file final_28.cif (mmCIF, C-alpha atoms and all ligand atoms)
data_entry
#
loop_
_atom_site.label_atom_id
_atom_site.label_comp_id
_atom_site.auth_asym_id
_atom_site.auth_seq_id
_atom_site.Cartn_x
_atom_site.Cartn_y
_atom_site.Cartn_z
CA MET N 1 9.06 18.20 -13.23
CA GLY N 2 12.01 15.80 -13.50
CA LYS N 3 13.20 14.19 -10.30
CA VAL N 4 16.62 14.23 -8.69
CA VAL N 5 17.98 12.96 -5.40
CA ALA N 6 17.52 15.96 -3.13
CA ASP N 7 18.70 14.56 0.17
CA ILE N 8 20.23 11.34 1.47
CA LEU N 9 18.25 10.21 4.49
CA LEU N 10 20.28 7.09 5.31
CA ASN N 11 23.65 6.31 3.80
CA GLU N 12 25.04 2.85 2.96
CA GLN N 13 26.87 2.53 6.26
CA GLU N 14 23.80 3.47 8.27
CA ILE N 15 21.70 0.96 6.34
CA LYS N 16 24.32 -1.76 6.92
CA SER N 17 24.22 -1.28 10.67
CA MET N 18 20.41 -1.16 10.62
CA VAL N 19 20.33 -4.55 8.81
CA LYS N 20 22.80 -6.06 11.31
CA ARG N 21 20.72 -4.87 14.26
CA VAL N 22 17.44 -6.22 12.85
CA ALA N 23 19.14 -9.52 11.93
CA ALA N 24 20.42 -9.89 15.50
CA GLU N 25 16.87 -9.40 16.83
CA ILE N 26 15.48 -12.00 14.41
CA LYS N 27 18.30 -14.45 15.20
CA ARG N 28 17.58 -14.10 18.92
CA ASP N 29 13.89 -14.93 18.34
CA TYR N 30 13.99 -17.47 15.49
CA GLU N 31 17.22 -19.47 15.56
CA GLY N 32 16.27 -23.17 15.47
CA LYS N 33 12.68 -22.44 14.34
CA LYS N 34 13.43 -22.61 10.60
CA PRO N 35 11.32 -19.56 9.71
CA VAL N 36 10.02 -18.69 6.25
CA LEU N 37 10.87 -15.13 5.28
CA VAL N 38 8.23 -13.93 2.83
CA GLY N 39 9.38 -10.92 0.80
CA VAL N 40 6.70 -8.57 -0.47
CA LEU N 41 7.69 -7.80 -4.07
CA ARG N 42 9.23 -5.72 -5.37
CA GLY N 43 10.38 -3.19 -2.82
CA SER N 44 11.66 -5.66 -0.22
CA VAL N 45 14.14 -7.57 -2.40
CA VAL N 46 17.22 -5.54 -1.54
CA PHE N 47 16.48 -5.62 2.19
CA LEU N 48 15.61 -9.34 2.12
CA ALA N 49 18.83 -10.18 0.26
CA ASP N 50 20.93 -8.28 2.81
CA LEU N 51 18.97 -9.57 5.79
CA ILE N 52 19.20 -13.30 5.01
CA ARG N 53 22.96 -13.08 4.55
CA GLU N 54 23.19 -11.89 8.17
CA LEU N 55 21.08 -14.84 9.39
CA ASP N 56 23.37 -17.84 9.83
CA PHE N 57 20.76 -20.45 10.67
CA GLU N 58 18.22 -22.58 8.77
CA LEU N 59 15.50 -20.64 7.00
CA THR N 60 13.66 -20.55 3.69
CA ILE N 61 12.39 -17.67 1.60
CA ASP N 62 9.28 -17.12 -0.49
CA PHE N 63 7.65 -14.15 -2.21
CA ILE N 64 4.27 -12.55 -2.66
CA SER N 65 3.37 -9.72 -5.00
CA VAL N 66 0.31 -7.57 -4.41
CA SER N 67 -1.16 -4.75 -6.43
CA SER N 68 -1.01 -1.23 -5.14
CA TYR N 69 -4.35 -0.10 -3.82
CA SER N 70 -4.31 3.16 -5.79
CA GLY N 71 -7.89 4.18 -6.37
CA THR N 72 -9.11 2.07 -3.48
CA LYS N 73 -6.96 3.55 -0.77
CA SER N 74 -9.79 3.99 1.71
CA THR N 75 -10.87 0.35 1.54
CA GLY N 76 -7.41 -1.22 1.71
CA VAL N 77 -8.41 -3.73 -0.97
CA VAL N 78 -5.31 -5.43 -2.32
CA ARG N 79 -5.06 -7.84 -5.25
CA ILE N 80 -2.62 -10.76 -5.25
CA ILE N 81 -0.47 -10.75 -8.40
CA LYS N 82 1.81 -13.61 -7.35
CA ASP N 83 1.25 -15.82 -4.34
CA THR N 84 3.72 -17.73 -2.17
CA GLU N 85 4.67 -21.24 -3.28
CA GLN N 86 5.30 -23.12 -0.02
CA ASP N 87 2.71 -24.66 2.26
CA LEU N 88 2.88 -22.24 5.17
CA SER N 89 0.71 -24.07 7.68
CA GLY N 90 2.57 -24.75 10.91
CA LYS N 91 5.48 -22.55 9.81
CA HIS N 92 6.96 -19.51 11.49
CA ILE N 93 6.37 -16.73 8.96
CA ILE N 94 8.23 -13.44 8.89
CA LEU N 95 6.76 -11.03 6.35
CA VAL N 96 9.49 -8.77 5.00
CA GLU N 97 8.38 -5.33 3.83
CA ASP N 98 10.23 -2.35 2.40
CA ILE N 99 8.24 0.35 4.17
CA VAL N 100 5.05 0.71 6.18
CA ASP N 101 3.10 3.85 5.40
CA THR N 102 -0.68 3.85 6.04
CA GLY N 103 -0.46 0.20 7.13
CA LEU N 104 -3.29 -0.83 4.80
CA THR N 105 -1.23 -3.26 2.69
CA LEU N 106 0.24 -4.82 5.78
CA SER N 107 -3.04 -5.22 7.57
CA TYR N 108 -4.42 -7.03 4.49
CA LEU N 109 -1.32 -9.24 4.33
CA ARG N 110 -1.43 -10.08 8.05
CA ALA N 111 -5.04 -11.27 7.71
CA LEU N 112 -4.19 -13.24 4.55
CA PHE N 113 -1.27 -15.08 6.18
CA MET N 114 -3.11 -15.70 9.45
CA ASP N 115 -5.70 -17.65 7.41
CA ARG N 116 -2.93 -20.01 6.35
CA MET N 117 -2.61 -21.35 9.91
CA PRO N 118 1.07 -20.54 10.55
CA ALA N 119 2.76 -21.46 13.83
CA SER N 120 3.46 -17.73 14.18
CA LEU N 121 3.42 -14.55 12.12
CA ALA N 122 5.58 -11.47 12.48
CA VAL N 123 6.46 -8.51 10.27
CA CYS N 124 9.86 -7.02 9.60
CA SER N 125 10.03 -3.74 7.70
CA ALA N 126 13.18 -1.92 6.62
CA PHE N 127 11.55 1.48 7.05
CA ASP N 128 8.51 2.86 8.82
CA LYS N 129 6.59 6.12 8.51
CA PRO N 130 4.67 6.06 11.82
CA ASP N 131 3.12 9.52 11.24
CA CYS N 132 1.28 8.19 8.15
CA ARG N 133 -0.51 5.28 9.78
CA THR N 134 -4.29 5.12 9.23
CA VAL N 135 -4.76 1.59 10.58
CA ASP N 136 -3.25 0.16 13.71
CA VAL N 137 -1.12 -2.79 12.60
CA PRO N 138 1.72 -4.42 14.53
CA VAL N 139 5.24 -4.35 13.06
CA GLU N 140 7.49 -6.52 15.20
CA TYR N 141 10.86 -5.59 13.66
CA ILE N 142 11.52 -2.08 12.33
CA GLY N 143 14.80 -1.08 10.72
CA GLN N 144 14.41 2.68 10.86
CA ALA N 145 11.53 5.08 11.46
CA ILE N 146 11.60 7.99 9.02
CA PRO N 147 9.64 11.23 8.57
CA ASP N 148 6.55 11.58 6.35
CA LYS N 149 8.48 12.02 3.07
CA PHE N 150 8.42 10.05 -0.19
CA VAL N 151 11.66 8.07 -0.26
CA VAL N 152 13.47 6.04 -2.92
CA GLY N 153 16.48 3.74 -3.08
CA TYR N 154 17.41 0.53 -1.28
CA GLY N 155 14.63 -1.26 -3.19
CA LEU N 156 12.08 1.56 -3.15
CA ASP N 157 11.05 3.10 -6.46
CA TYR N 158 9.61 6.15 -8.14
CA LYS N 159 7.92 4.94 -11.34
CA GLN N 160 10.00 1.72 -11.07
CA GLU N 161 13.31 3.61 -11.05
CA TYR N 162 15.83 4.36 -8.27
CA ARG N 163 15.48 0.90 -6.66
CA ASN N 164 19.20 0.27 -7.19
CA LEU N 165 20.44 3.26 -5.20
CA PRO N 166 22.43 1.80 -2.28
CA TYR N 167 21.13 4.52 0.05
CA LEU N 168 17.70 5.89 1.04
CA ALA N 169 16.93 9.28 -0.47
CA ILE N 170 14.29 11.95 -0.73
CA LEU N 171 13.44 13.03 -4.27
CA GLY N 172 13.10 16.63 -5.34
CA ASP N 173 12.26 18.39 -8.62
CA ASP N 174 15.12 19.43 -10.88
CA GLY N 175 13.20 22.33 -12.37
CA LYS N 176 12.86 20.70 -15.81
CA GLU N 177 9.56 19.61 -17.26
CA ASP N 178 9.06 15.84 -17.16
CA ASN N 179 7.01 14.71 -20.15
CA ASN N 180 6.71 11.14 -18.95
CA GLU N 181 4.02 11.96 -16.42
P1 LIG N 201 0.84 1.27 2.95
O1 LIG N 201 -0.18 0.25 2.57
O2 LIG N 201 1.49 1.02 4.26
O3 LIG N 201 0.29 2.66 2.84
O4 LIG N 201 1.92 1.28 1.80
C1 LIG N 201 2.93 0.38 1.70
C2 LIG N 201 3.55 0.39 0.34
O5 LIG N 201 3.47 1.67 -0.31
C3 LIG N 201 5.02 0.09 0.48
O6 LIG N 201 5.25 -1.31 0.49
C4 LIG N 201 5.61 0.80 -0.72
O7 LIG N 201 5.54 -0.03 -1.86
C5 LIG N 201 4.70 2.01 -0.92
N1 LIG N 201 5.26 3.20 -0.26
C6 LIG N 201 4.84 3.79 0.88
N2 LIG N 201 5.61 4.85 1.18
C7 LIG N 201 6.56 4.92 0.21
C8 LIG N 201 7.67 5.82 -0.03
O8 LIG N 201 7.97 6.78 0.70
N3 LIG N 201 8.42 5.56 -1.15
C9 LIG N 201 8.15 4.53 -2.01
N4 LIG N 201 8.95 4.39 -3.04
N5 LIG N 201 7.12 3.67 -1.80
C10 LIG N 201 6.34 3.87 -0.70
#
call {"tool": "encode", "arguments": {"input": "final_28.cif", "output": "structure tokens", "more": "lines below"}}
Ligand code: 5GP
result
Amino acid sequence: MGKVVADILLNEQEIKSMVKRVAAEIKRDYEGKKPVLVGVLRGSVVFLADLIRELDFELTIDFISVSSYSGTKSTGVVRIIKDTEQDLSGKHIILVEDIVDTGLTLSYLRALFMDRMPASLAVCSAFDKPDCRTVDVPVEYIGQAIPDKFVVGYGLDYKQEYRNLPYLAILGDDGKEDNNE
């Protein structure tokens, strides 16, 4: 079936205030510490871009890209496609995620970055699906908890599309056959 936006879960205004609130929490905790915000590609780019423009203090950004664990979901094995470029030892790292679902990706990433001897490590995720968690992993800054639904927009994709929607939406079928499956 083809996909259409069935329901808007969070509109642009709601996302804007969510970003401001999370930025205020990060500012309170990190101002003066020159943190490195590490965006997990590709879903986090929209959130990261909005977030850093609300943070008016010294920081740097970096990126990591990891493969989806499809096919190895139970093991949580994740492959690094593109690694960060800065030396992260002794730095205050904030991992920036689009959404936390099972928590498997994040628990892999937390272990990976802890091995790099940072001064501290925290995670900031735009969205969270707490009902889907299969591993217990801390998420220090959460924009918005949402129900167990597949969402798109604000950086999140379905088959690489919909990332540019300025809102967060739930997809539904439009009743037409989709031959691109
Ligand atoms: P986890 O390892 O926590 O199960 O999955 C995290 C990753 O799965 C996210 O970074 C995101 O790329 C993808 N993901 C999880 N839930 C959703 C969703 O509802 N929509 C989209 N587009 N991606 C999701």
call {"tool": "atom_distance", "arguments": {"input": "final_28.cif", "atom1": "CA of Asp87 in chain N", "atom2": "CA of Ser107 in chain N"}}
result
21.0 Å
call {"tool": "closest_atom_pairs", "arguments": {"input": "final_28.cif", "of": "chain N", "to": "ligand LIG 201 (chain N)", "cutoff": "7 Å", "atoms": "only C-alpha atoms and all ligand atoms", "output": "Markdown table"}}
result
| residue | atom | partner | partner_atom | distance |
| --- | --- | --- | --- | --- |
| N:Gly43 | CA | N:LIG201 | O7 | 5.9 |
| N:Glu97 | CA | N:LIG201 | O6 | 6.1 |
| N:Asp98 | CA | N:LIG201 | O6 | 5.4 |
| N:Ile99 | CA | N:LIG201 | C3 | 4.9 |
| N:Val100 | CA | N:LIG201 | O2 | 4.1 |
| N:Asp101 | CA | N:LIG201 | O2 | 3.4 |
| N:Thr102 | CA | N:LIG201 | O3 | 3.5 |
| N:Gly103 | CA | N:LIG201 | O2 | 3.6 |
| N:Leu104 | CA | N:LIG201 | O1 | 4.0 |
| N:Thr105 | CA | N:LIG201 | O1 | 3.7 |
| N:Leu106 | CA | N:LIG201 | O1 | 6.0 |
| N:Lys149 | CA | N:LIG201 | O8 | 5.8 |
| N:Phe150 | CA | N:LIG201 | O8 | 3.4 |
| N:Val151 | CA | N:LIG201 | O8 | 4.0 |
| N:Val152 | CA | N:LIG201 | N4 | 4.8 |
| N:Leu156 | CA | N:LIG201 | N4 | 4.2 |
| N:Asp157 | CA | N:LIG201 | N4 | 4.2 |
| N:Tyr158 | CA | N:LIG201 | N4 | 5.4 |
call {"tool": "closest_residue", "arguments": {"input": "final_28.cif", "among": "N:Lys129, N:His92, N:Lys159, N:Lys16", "to": "Glu54 in chain N", "atoms": "only C-alpha atoms"}}
result
N:Lys16
call {"tool": "residues_near_point", "arguments": {"input": "final_28.cif", "point": "(15.5, -0.2, 8.0)", "cutoff": "10 Å", "atoms": "all atoms listed in the file", "output": "count of residues only"}}
result
27
call {"tool": "atom_distance", "arguments": {"input": "final_28.cif", "atom1": "CA of Asp83 in chain N", "atom2": "CA of Arg116 in chain N"}}
result
12.2 Å
call {"tool": "atom_distance", "arguments": {"input": "final_28.cif", "atom1": "CA of Gly153 in chain N", "atom2": "CA of Val78 in chain N"}}
result
23.7 Å
